[in-house]
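Encoded as structure tokens, the structure appears first; notes follow it.
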Amino acid sequence: MDGLLNKPLAFSSDPNLISSSYRIPVTTTDGLVLNSEVFDGGTTNDSSPLLLLIHGICASIETIGIQKFVSKARERSIRVAVLELEGHGFSSGTKGVCGDFDKMLGHVLQFVRIVVPKIRSKDATSAPYFLGGGSFGGVLSIYAANEISTVGGSSTPVSSYPEGFSGVVPIAPAVGVHPSVVPSVPIVTFLSFLSKLAPSLQTPFTPLEDPTHYMCPSDSVRNFSGHWPLSTSKMLLDVTSKKVPHDIVQGKLALAQVSNLFLISGEKDDVVPMEAVELFYNAAKSENRTFMKVANAGHDLMFQDSSADDIVSAVMDWMKTIIEQKRQRENH
């Protein structure tokens, strides 16, 4: 814990960037200490809306996409809190290793339970908060939103989560995988077996991560570089090719209790097929749902100025509309 508290805050090495205001360590029930950092907008107060963000595999808080969000949030007087997953950034764990989806989902839910009340004052317990993320962070945000909003039949009572949850915004969520990025069946079978023996092993058959095109600032040391560890690769392949399709068919990802869903995907995404994203969206039962398809954008849509700026503005507008509608209902 002390070591984390002595680490530099996100983006603080570059005076031209918006740096985080403070961090809130998240001590998990399985003994990890995860790094989360809060960005206070210029004129935020205890009742200001809050956006909770989850990054993708091998990334961290220090990415172009997160900087885009916190810069616009400051203009809109919105607070942002970002969690660094196990094995990522300054969080506990072996670098880049995250082989258990349910464990990581539990970490996200603990992040929500711990951070939201600490940011709010006792007089603002129902201030609205939203959950979102990109790629793997996007699919984690979907499952977390479903858990937070479920009333009855949930493994955890809905009352155990902070009041005011107002919607989820998955960006290029990992709800499927393009066959072209998956090795042959024999190789996948062998690597799956090997991942149990050597979870942190990196091989040429797993995706090669090059953070130089998205890390921010350019000298950031938080993002993973190299071939993905075996357990991480297996976990994400299982989630995208088995868990999500199965849960959609079983109606477990209907998000019926999630009032607001804003799904965003690039029309030229060559990692997560548009067909898989549409399948998830068409199965969703959220009362208010919107699907933003970004033209000429791929899976890296949050790292390209041409798409990222439009996406961030659209998310902020979506949040503003929901908050205004809630106020109108309360006044009548």
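Every chain in the structure tokens has a letter given in the order shown (A, B, ...), and although residue numbers restart at 1 in each chain, ligands are simply numbered from 1 in the order shown.
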
Residue list (helix (DSSP H, G or I), DSSP) for range 51-137 of chain A, as a ChimeraX atom specification: /A:64-76,101-119,136-137

Would you pick out the contacts of range 14-24 of chain A at 6 Å or less, using only C-alpha atoms, so that residues sharing its chain but fewer than 5 positions from it are not included, and give the list as an mmCIF file with C-alpha atoms, in the first residue's frame?
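Done, and the output landed in selection.cif:
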data_model
loop_
_atom_site.group_PDB
_atom_site.id
_atom_site.type_symbol
_atom_site.label_atom_id
_atom_site.label_comp_id
_atom_site.auth_asym_id
_atom_site.auth_seq_id
_atom_site.Cartn_x
_atom_site.Cartn_y
_atom_site.Cartn_z
ATOM 1 C CA LEU A 9 -0.060 10.270 -10.339
ATOM 2 C CA SER A 36 -7.460 3.736 -9.004
ATOM 3 C CA GLU A 37 -7.093 7.437 -9.654
ATOM 4 C CA VAL A 38 -9.597 10.267 -9.605
ATOM 5 C CA PHE A 39 -9.723 13.275 -11.912
#

Using CA of Ser149 in chain A and CA of Asp269 in chain A as the two end points, give the distance in Å to one decimal.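 Atom-to-atom, CA of Ser149 in chain A to CA of Asp269 in chain A, that is 29.2 Å.
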
Tell me which protein, DNA and RNA residues are within 8 Å of Val315 in chain A, counting only C-alpha atoms, leaving out same-chain ones fewer than 3 positions away, and put them as an mmCIF file with all heavy atoms, in the first residue's frame.
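Written output follows (out-v4.cif):
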data_model
loop_
_atom_site.group_PDB
_atom_site.id
_atom_site.type_symbol
_atom_site.label_atom_id
_atom_site.label_comp_id
_atom_site.auth_asym_id
_atom_site.auth_seq_id
_atom_site.Cartn_x
_atom_site.Cartn_y
_atom_site.Cartn_z
ATOM 1 N N VAL A 169 -21.499 2.484 -20.761
ATOM 2 C CA VAL A 169 -21.049 2.847 -22.102
ATOM 3 C C VAL A 169 -19.858 1.968 -22.500
ATOM 4 O O VAL A 169 -18.710 2.322 -22.241
ATOM 5 C CB VAL A 169 -20.728 4.361 -22.215
ATOM 6 C CG1 VAL A 169 -19.802 4.814 -21.114
ATOM 7 C CG2 VAL A 169 -20.177 4.701 -23.593
ATOM 8 N N PHE A 262 -25.270 2.804 -23.846
ATOM 9 C CA PHE A 262 -24.725 3.530 -24.999
ATOM 10 C C PHE A 262 -23.559 2.699 -25.537
ATOM 11 O O PHE A 262 -22.457 2.713 -24.984
ATOM 12 C CB PHE A 262 -24.256 4.918 -24.575
ATOM 13 C CG PHE A 262 -23.830 5.804 -25.725
ATOM 14 C CD1 PHE A 262 -24.121 5.488 -27.048
ATOM 15 C CD2 PHE A 262 -23.132 6.974 -25.484
ATOM 16 C CE1 PHE A 262 -23.732 6.303 -28.101
ATOM 17 C CE2 PHE A 262 -22.729 7.812 -26.529
ATOM 18 C CZ PHE A 262 -23.038 7.460 -27.843
ATOM 19 N N ILE A 311 -16.299 10.579 -30.100
ATOM 20 C CA ILE A 311 -16.834 9.602 -29.151
ATOM 21 C C ILE A 311 -16.955 10.214 -27.761
ATOM 22 O O ILE A 311 -17.997 10.092 -27.103
ATOM 23 C CB ILE A 311 -15.935 8.352 -29.108
ATOM 24 C CG1 ILE A 311 -16.050 7.574 -30.418
ATOM 25 C CG2 ILE A 311 -16.295 7.457 -27.923
ATOM 26 C CD1 ILE A 311 -15.025 6.478 -30.571
ATOM 27 N N VAL A 312 -15.906 10.857 -27.302
ATOM 28 C CA VAL A 312 -15.924 11.451 -25.957
ATOM 29 C C VAL A 312 -17.029 12.502 -25.847
ATOM 30 O O VAL A 312 -17.767 12.539 -24.854
ATOM 31 C CB VAL A 312 -14.550 12.061 -25.618
ATOM 32 C CG1 VAL A 312 -14.627 12.862 -24.333
ATOM 33 C CG2 VAL A 312 -13.502 10.960 -25.496
ATOM 34 N N TRP A 318 -24.531 12.279 -23.881
ATOM 35 C CA TRP A 318 -25.428 11.200 -23.428
ATOM 36 C C TRP A 318 -25.624 11.272 -21.913
ATOM 37 O O TRP A 318 -26.755 11.200 -21.424
ATOM 38 C CB TRP A 318 -24.830 9.866 -23.849
ATOM 39 C CG TRP A 318 -25.475 8.636 -23.311
ATOM 40 C CD1 TRP A 318 -26.669 8.089 -23.687
ATOM 41 C CD2 TRP A 318 -24.935 7.763 -22.301
ATOM 42 N NE1 TRP A 318 -26.902 6.936 -22.980
ATOM 43 C CE2 TRP A 318 -25.855 6.711 -22.126
ATOM 44 C CE3 TRP A 318 -23.753 7.768 -21.555
ATOM 45 C CZ2 TRP A 318 -25.635 5.666 -21.216
ATOM 46 C CZ3 TRP A 318 -23.529 6.745 -20.648
ATOM 47 C CH2 TRP A 318 -24.468 5.708 -20.485
ATOM 48 N N MET A 319 -24.534 11.449 -21.185
ATOM 49 C CA MET A 319 -24.629 11.571 -19.730
ATOM 50 C C MET A 319 -25.465 12.788 -19.335
ATOM 51 O O MET A 319 -26.319 12.707 -18.446
ATOM 52 C CB MET A 319 -23.225 11.681 -19.127
ATOM 53 C CG MET A 319 -22.390 10.422 -19.231
ATOM 54 S SD MET A 319 -20.673 10.650 -18.648
ATOM 55 C CE MET A 319 -20.928 11.109 -16.930
#

Fewer than 6 positions away in the same chain doesn't count, so skip those; otherwise give me all residues within 6 Å of range 216-228 of chain A, counting only C-alpha atoms, as a list in words.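 Listed by chain and then number, they are Cys58, Ala59, Ser60, Glu62, Thr63, Ile64, Gly89, Gln202, Thr206, Pro207, Leu208, Glu209 and Asp210 of chain A.
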